[in-house]
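S.K.: I am attaching a structure below and will ask some questions about it afterwards.
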2 protein chains.
Amino acid sequence: MRVLDLVGLNQQQVATLADEGIEVVTKATETIDAVYGWGPQAASLLDQGPSFHFVQSFSAGVDYFPLAALKAANVELANTSGIHAVPIAESVLGYLLAFGRGVIDDKMIFTLENKQAIVYGTGNIGRQIATYLRALGVTVVGVNTHGEAVAPFDRTVAMVDADPAQADFIINVLPLTPQTHHHFDARFFKHLSKQPIFVNVGRGQSVDQSALVSALKQNQISGAALDVFEQEPLPQNDPLRQLKHVILTPHISALGRNLKEEAFKVLEANLIALKNNTPRTHLVDLNAGY
Amino acid sequence: MRVLDLVGLNQQQVATLADEGIEVVTKATETIDAVYGWGPQAASLLDQGPSFHFVQSFSAGVDYFPLAALKAANVELANTSGIHAVPIAESVLGYLLAFGRGVIDDKMIFTLENKQAIVYGTGNIGRQIATYLRALGVTVVGVNTHGEAVAPFDRTVAMVDADPAQADFIINVLPLTPQTHHHFDARFFKHLSKQPIFVNVGRGQSVDQSALVSALKQNQISGAALDVFEQEPLPQNDPLRQLKHVILTPHISALGRNLKEEAFKVLEANLIALKNNTPRTHLVDLNAGY
């Protein structure tokens, strides 16, 4: 079996796969069975009617993959959902505490204890955020498509029923789909009443960024922590860079763990499953987009 | 019974005490039984041989009280240990995450998960810090006078046996006593090997501040978060203000809760105990100084 590596496996990882009878190639000059990562090379193979029927992404979000084309070609797509949960949850906690404990502005002081958070997205990342916030005494409401209950959220509601008005902290970890594009817009910010802190560690396009800037200027929100943006990197002259009570990080909220090792564990298990024709894990619903 | 209020009780608190048969006065013109807070007025009463035999401090640390004179006059001193634990523990977590998650420098990224912390001081504040750090997967060693085991620390060691060399995070919450004055000095910083983050939310005089500045300049530590200083407020021209990877807050790490309400609960219970001649809580060992 042969896998096209577009991520950059190290020598030890290549040797580990060789032991399993899996050959790693970095150019698509020969017939391949699977792709790790994505790029123009894989896209052009897909257009030609691919020999591969499995793609492993390095990321949790898969919005940049040609989902409809993969589905049409009967290609499975797996993500690495879960490996980013701890670092991203630490980031969210860090942003809220930086605002609350005087790191950003020593005149803006609050505790997390007894506050209310609403987390949009109840997957691995959202659940880890809920775990950490609850450990500090925050009540955490989760929001997902149909409102199905998910541990360890205190309560879960459907997107259509979500009421962020009473939240002190609003946290976005939604996958980017046509349904979530610009979910956080002027209409959303207008209905807030507690001047919450807004955190986006999901995707930049889920937020109407100019509406967010207005919400900050009008004190509809009292602060924002943003790791993702509509355009990345965030332009140097972006108005967000001029505002007080804004934490801006350059799409690094998941870093800190050895993500290449963690992702490799998912890849290795899935390639062995592919070889043995047993079920793969971390599969993406190509219709839903996550 | 009559209490001299040097903190500033509000009308409702004064009324609550009146219901218990306790009169609040703000000037020591009449015989008093207890003092809330401290100041020159109380000190001069103490010098004259006081009518009062109980003092309730508003703070947890009591290093600014005349401990020997109180002892000589047979006056009990109670602190408010416990009420600051949650806000201070949130502050410590916030400083560490601000360093780790790119808030201070987006080139300095680490996770707290699987790190090692050493906390000097295993009282209420130290224990709350340990609780929060452990919730994020940090292993936490506590340091106290004799090394007696204290939950929820992973391990506790005596001051003389403390080995900070392998710690990623060093956190001071020691009370200030002759034994802890300048405990964190050039000799201490010289023996570190993992370039830890140093956090002081205890008392400024526990740290030799010029040694700390040198330790930062020589990368013996990779960052410092300081809420207390040898001189407060920290002078505008202090060298600490010129260094990278330093978080400076103006003695606010305990703020955020309603501390006046929390402290009042301790005061009220202790005044009732005094009136009924039952044991008081939160009593300070006047020899040990905490």
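Residue names in the structure tokens use chain letters A, B, ... in the order shown, residue numbers from 1 in each chain, and ligand numbers from 1 in the order shown.
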DSSP on the backbone: which residues in segment 106-255 of chain B end up as strand (DSSP E)? Give the answer as a count of residues only.
M.R.: 30
S.K.: What are the residues of chain A that have an atom within 12 Å of an atom of chain B, counting only C-alpha atoms, as a ChimeraX atom specification?
M.R.: /A:84-115,128-129,131-137,225-227,246-259
S.K.: Please measure the separation of atom CA of Ala215 of chain B and atom CA of Phe189 of chain B, giving the value in Å to one decimal.
M.R.: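 Between atom CA of Ala215 of chain B and atom CA of Phe189 of chain B the gap works out to 6.2 Å.
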S.K.: Both chains have the same sequence, so match all Cα atoms in order, fit chain A onto chain B by least squares, and return it as a compact mmCIF listing (two decimals) with C-alpha atoms, in the first residue's frame.
M.R.:
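Dumped to selection.txt:
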# COMPACT_ATOMS: atom_id res chain seq x y z
CA MET A 1 -20.01 44.81 73.02
CA ARG A 2 -18.23 47.41 70.92
CA VAL A 3 -16.00 47.03 67.83
CA LEU A 4 -13.76 49.74 66.38
CA ASP A 5 -14.14 49.61 62.59
CA LEU A 6 -11.05 50.74 60.69
CA VAL A 7 -12.03 48.92 57.44
CA GLY A 8 -15.33 50.60 56.59
CA LEU A 9 -18.40 48.45 57.22
CA ASN A 10 -21.49 49.41 55.23
CA GLN A 11 -24.84 50.35 56.78
CA GLN A 12 -26.33 46.93 56.32
CA GLN A 13 -23.35 45.26 57.97
CA VAL A 14 -23.53 47.71 60.91
CA ALA A 15 -27.27 46.92 61.26
CA THR A 16 -26.59 43.16 61.13
CA LEU A 17 -24.09 43.49 63.97
CA ALA A 18 -26.49 45.75 65.95
CA ASP A 19 -29.05 42.91 65.76
CA GLU A 20 -26.47 40.73 67.49
CA GLY A 21 -25.96 43.35 70.21
CA ILE A 22 -22.66 44.53 68.78
CA GLU A 23 -22.10 48.28 68.44
CA VAL A 24 -19.82 49.59 65.70
CA VAL A 25 -17.75 52.74 66.35
CA THR A 26 -15.29 54.37 64.00
CA LYS A 27 -13.35 56.41 66.55
CA ALA A 28 -11.76 54.99 69.68
CA THR A 29 -13.37 57.53 72.04
CA GLU A 30 -14.95 54.85 74.19
CA THR A 31 -13.92 51.52 75.61
CA ILE A 32 -13.80 48.95 72.82
CA ASP A 33 -13.73 45.15 72.88
CA ALA A 34 -12.47 44.40 69.39
CA VAL A 35 -10.81 46.04 66.38
CA TYR A 36 -11.57 45.38 62.71
CA GLY A 37 -8.59 46.24 60.55
CA TRP A 38 -5.52 48.12 61.72
CA GLY A 39 -4.07 51.62 61.71
CA PRO A 40 -2.29 54.23 63.85
CA GLN A 41 -5.38 54.68 66.03
CA ALA A 42 -5.42 51.02 67.05
CA ALA A 43 -1.64 50.99 67.42
CA SER A 44 -1.73 53.85 69.88
CA LEU A 45 -4.47 52.11 71.91
CA LEU A 46 -2.29 49.01 71.99
CA ASP A 47 0.61 51.04 73.37
CA GLN A 48 -1.58 52.29 76.24
CA GLY A 49 -2.57 48.79 77.37
CA PRO A 50 -5.65 48.01 75.37
CA SER A 51 -9.22 47.39 76.50
CA PHE A 52 -9.60 45.08 73.48
CA HIS A 53 -8.42 41.49 73.33
CA PHE A 54 -9.39 40.64 69.77
CA VAL A 55 -8.37 42.01 66.39
CA GLN A 56 -9.82 40.86 63.05
CA SER A 57 -7.66 41.68 60.04
CA PHE A 58 -9.19 42.28 56.60
CA SER A 59 -6.22 40.56 54.95
CA ALA A 60 -4.85 37.03 54.91
CA GLY A 61 -1.22 38.12 55.47
CA VAL A 62 -0.61 39.82 58.84
CA ASP A 63 3.04 40.81 58.47
CA TYR A 64 2.15 44.51 58.95
CA PHE A 65 0.71 43.91 62.45
CA PRO A 66 2.84 44.41 65.63
CA LEU A 67 2.76 40.70 66.39
CA ALA A 68 5.08 40.79 69.43
CA ALA A 69 3.17 43.69 71.00
CA LEU A 70 -0.18 41.94 70.43
CA LYS A 71 1.20 38.80 72.07
CA ALA A 72 2.60 40.77 75.03
CA ALA A 73 -0.80 42.42 75.52
CA ASN A 74 -2.57 39.03 75.24
CA VAL A 75 -4.57 40.13 72.16
CA GLU A 76 -5.91 37.54 69.72
CA LEU A 77 -5.42 38.23 66.01
CA ALA A 78 -7.59 36.57 63.35
CA ASN A 79 -6.97 36.81 59.60
CA THR A 80 -9.29 36.19 56.63
CA SER A 81 -7.32 33.30 55.21
CA GLY A 82 -9.43 31.51 52.59
CA ILE A 83 -11.46 34.33 51.08
CA HIS A 84 -8.69 35.26 48.64
CA ALA A 85 -7.90 31.72 47.53
CA VAL A 86 -10.12 31.48 44.43
CA PRO A 87 -9.29 34.86 42.89
CA ILE A 88 -5.55 34.46 43.55
CA ALA A 89 -5.54 30.92 42.13
CA GLU A 90 -7.36 32.21 39.02
CA SER A 91 -4.70 34.91 38.72
CA VAL A 92 -1.86 32.39 38.88
CA LEU A 93 -3.51 30.20 36.24
CA GLY A 94 -4.14 33.30 34.12
CA TYR A 95 -0.49 34.42 34.24
CA LEU A 96 0.83 30.95 33.29
CA LEU A 97 -1.67 30.57 30.44
CA ALA A 98 -1.00 34.13 29.22
CA PHE A 99 2.66 33.14 28.86
CA GLY A 100 1.90 29.69 27.42
CA ARG A 101 -0.88 30.53 24.96
CA GLY A 102 0.66 33.46 23.10
CA VAL A 103 -1.05 36.35 24.88
CA ILE A 104 2.27 37.86 26.02
CA ASP A 105 4.46 36.75 23.10
CA ASP A 106 3.12 34.64 20.23
CA LYS A 107 6.58 33.09 19.78
CA MET A 108 6.50 31.66 23.35
CA ILE A 109 4.05 28.76 23.24
CA PHE A 110 3.61 25.89 25.68
CA THR A 111 0.78 23.91 27.24
CA LEU A 112 0.29 23.44 30.99
CA GLU A 113 -0.63 19.75 30.48
CA ASN A 114 2.07 17.43 31.87
CA LYS A 115 4.17 20.28 33.33
CA GLN A 116 5.63 20.42 36.86
CA ALA A 117 4.89 23.20 39.35
CA ILE A 118 6.32 23.88 42.79
CA VAL A 119 4.17 26.00 45.09
CA TYR A 120 5.81 27.61 48.13
CA GLY A 121 3.05 27.75 50.75
CA THR A 122 0.38 25.09 51.31
CA GLY A 123 -2.35 27.15 53.02
CA ASN A 124 -5.75 27.96 51.52
CA ILE A 125 -4.29 29.87 48.58
CA GLY A 126 -1.63 27.29 47.76
CA ARG A 127 -4.18 24.48 47.91
CA GLN A 128 -6.57 26.30 45.56
CA ILE A 129 -3.71 26.93 43.13
CA ALA A 130 -2.89 23.20 43.27
CA THR A 131 -6.55 22.29 42.62
CA TYR A 132 -6.72 24.42 39.48
CA LEU A 133 -3.29 23.43 38.14
CA ARG A 134 -4.05 19.74 38.67
CA ALA A 135 -7.35 20.16 36.78
CA LEU A 136 -5.19 21.16 33.78
CA GLY A 137 -2.86 18.20 34.12
CA VAL A 138 0.01 19.89 36.00
CA THR A 139 1.88 17.89 38.65
CA VAL A 140 2.09 20.11 41.74
CA VAL A 141 4.62 19.86 44.58
CA GLY A 142 3.86 21.87 47.72
CA VAL A 143 6.48 23.33 50.06
CA ASN A 144 5.82 24.03 53.74
CA THR A 145 7.85 24.31 56.95
CA HIS A 146 8.06 20.68 57.93
CA GLY A 147 6.92 18.89 54.76
CA GLU A 148 3.65 17.64 56.24
CA ALA A 149 1.35 16.15 53.58
CA VAL A 150 -1.45 18.45 52.40
CA ALA A 151 -4.22 17.64 49.90
CA PRO A 152 -4.50 18.08 46.94
CA PHE A 153 -0.76 18.44 46.32
CA ASP A 154 0.81 15.51 44.48
CA ARG A 155 3.66 15.67 46.99
CA THR A 156 4.74 17.97 49.81
CA VAL A 157 8.29 18.69 50.94
CA ALA A 158 9.91 20.70 53.74
CA MET A 159 11.48 24.09 52.93
CA VAL A 160 14.97 22.68 53.50
CA ASP A 161 14.31 19.82 51.07
CA ALA A 162 12.58 21.83 48.33
CA ASP A 163 14.21 21.31 44.93
CA PRO A 164 12.91 23.76 42.35
CA ALA A 165 15.47 22.69 39.71
CA GLN A 166 13.04 20.48 37.75
CA ALA A 167 10.03 22.79 38.02
CA ASP A 168 8.50 24.50 34.98
CA PHE A 169 6.56 26.90 37.22
CA ILE A 170 7.64 28.33 40.59
CA ILE A 171 4.87 29.98 42.57
CA ASN A 172 5.27 31.90 45.84
CA VAL A 173 2.39 32.27 48.30
CA LEU A 174 4.49 32.13 51.47
CA PRO A 175 3.58 34.43 54.34
CA LEU A 176 6.25 37.06 55.01
CA THR A 177 8.24 36.17 58.13
CA PRO A 178 11.91 36.59 59.08
CA GLN A 179 12.42 33.06 57.70
CA THR A 180 10.89 33.79 54.28
CA HIS A 181 12.38 37.28 53.76
CA HIS A 182 14.43 37.20 50.53
CA HIS A 183 14.03 33.44 50.25
CA PHE A 184 14.06 33.88 46.47
CA ASP A 185 17.54 35.30 46.00
CA ALA A 186 20.48 35.01 43.59
CA ARG A 187 21.47 31.67 45.09
CA PHE A 188 17.94 30.34 44.53
CA PHE A 189 17.71 31.43 40.91
CA LYS A 190 21.21 30.14 40.11
CA HIS A 191 20.16 26.52 40.78
CA LEU A 192 17.28 26.43 38.31
CA SER A 193 17.75 24.37 35.16
CA LYS A 194 14.48 24.44 33.22
CA GLN A 195 14.12 28.21 32.73
CA PRO A 196 10.84 28.21 34.64
CA ILE A 197 8.18 30.90 34.93
CA PHE A 198 8.34 32.57 38.37
CA VAL A 199 5.11 33.84 39.96
CA ASN A 200 4.85 35.92 43.14
CA VAL A 201 1.38 36.45 44.59
CA GLY A 202 2.61 36.28 48.21
CA ARG A 203 4.63 39.18 49.56
CA GLY A 204 7.14 41.33 47.73
CA GLN A 205 9.80 41.07 50.43
CA SER A 206 10.04 37.29 50.00
CA VAL A 207 11.91 38.05 46.77
CA ASP A 208 15.26 39.78 46.33
CA GLN A 209 13.96 41.86 43.44
CA SER A 210 17.35 42.83 42.03
CA ALA A 211 18.31 39.13 41.97
CA LEU A 212 15.04 38.46 40.11
CA VAL A 213 15.89 41.11 37.52
CA SER A 214 19.32 39.48 37.01
CA ALA A 215 17.72 36.03 36.73
CA LEU A 216 15.44 37.33 33.96
CA LYS A 217 18.32 39.02 32.14
CA GLN A 218 20.43 35.84 32.33
CA ASN A 219 17.52 33.60 31.28
CA GLN A 220 17.72 31.62 34.52
CA ILE A 221 13.95 32.11 34.38
CA SER A 222 12.03 32.58 31.13
CA GLY A 223 9.35 34.85 32.57
CA ALA A 224 7.96 36.39 35.74
CA ALA A 225 4.47 37.34 36.86
CA LEU A 226 4.52 39.65 39.86
CA ASP A 227 1.58 41.07 41.77
CA VAL A 228 3.62 42.19 44.81
CA PHE A 229 6.87 44.10 45.10
CA GLU A 230 9.51 45.13 47.61
CA GLN A 231 8.21 48.69 47.19
CA GLU A 232 4.52 49.26 46.31
CA PRO A 233 3.45 50.76 44.05
CA LEU A 234 6.35 49.63 41.89
CA PRO A 235 8.32 52.76 40.92
CA GLN A 236 7.78 53.93 37.35
CA ASN A 237 11.52 53.68 36.60
CA ASP A 238 11.95 50.19 38.05
CA PRO A 239 14.08 47.96 35.77
CA LEU A 240 11.32 45.30 35.85
CA ARG A 241 9.22 47.58 33.65
CA GLN A 242 11.84 47.42 30.87
CA LEU A 243 12.04 43.63 30.58
CA LYS A 244 10.26 41.30 28.15
CA HIS A 245 8.24 38.31 29.42
CA VAL A 246 7.19 40.07 32.60
CA ILE A 247 3.57 40.44 33.77
CA LEU A 248 3.20 43.20 36.39
CA THR A 249 -0.07 43.80 38.26
CA PRO A 250 -0.52 46.29 41.14
CA HIS A 251 -1.38 43.99 44.10
CA ILE A 252 -4.76 43.03 42.64
CA SER A 253 -4.50 39.25 42.34
CA ALA A 254 -7.09 38.75 45.13
CA LEU A 255 -9.68 41.15 43.72
CA GLY A 256 -12.87 40.24 41.90
CA ARG A 257 -14.93 38.55 44.57
CA ASN A 258 -16.88 40.73 46.97
CA LEU A 259 -14.06 40.62 49.52
CA LYS A 260 -15.77 43.05 51.92
CA GLU A 261 -18.76 40.67 52.14
CA GLU A 262 -16.54 37.61 52.49
CA ALA A 263 -14.41 39.24 55.21
CA PHE A 264 -17.54 40.40 57.01
CA LYS A 265 -18.71 36.79 57.37
CA VAL A 266 -15.46 35.96 59.20
CA LEU A 267 -15.71 39.12 61.36
CA GLU A 268 -19.36 38.52 62.27
CA ALA A 269 -18.77 34.91 63.30
CA ASN A 270 -15.74 35.88 65.37
CA LEU A 271 -17.48 38.79 67.16
CA ILE A 272 -20.40 36.53 68.07
CA ALA A 273 -17.90 33.95 69.35
CA LEU A 274 -16.16 36.66 71.36
CA LYS A 275 -19.48 37.79 72.85
CA ASN A 276 -20.42 34.19 73.74
CA ASN A 277 -16.91 33.35 74.85
CA THR A 278 -16.66 30.48 72.37
CA PRO A 279 -13.54 29.78 70.26
CA ARG A 280 -12.71 32.20 67.46
CA THR A 281 -11.72 31.00 63.97
CA HIS A 282 -8.89 32.08 61.62
CA LEU A 283 -6.57 32.76 64.60
CA VAL A 284 -2.98 33.64 63.77
CA ASP A 285 -0.06 32.01 65.58
CA LEU A 286 1.60 35.22 66.84
CA ASN A 287 4.97 33.45 67.14
CA ALA A 288 4.92 31.99 63.63
CA GLY A 289 3.37 35.11 62.08
CA TYR A 290 0.66 33.32 60.04
S.K.: Enumerate the residues of segment 24-247 of chain B with a DSSP assignment of helix (DSSP H, G or I), computed from the backbone, and present them as number ranges by chain.
M.R.: B: 40-47, 67-72, 85-100, 124-135, 159-161, 164-166, 186-190, 204-206, 209-217, 239-242
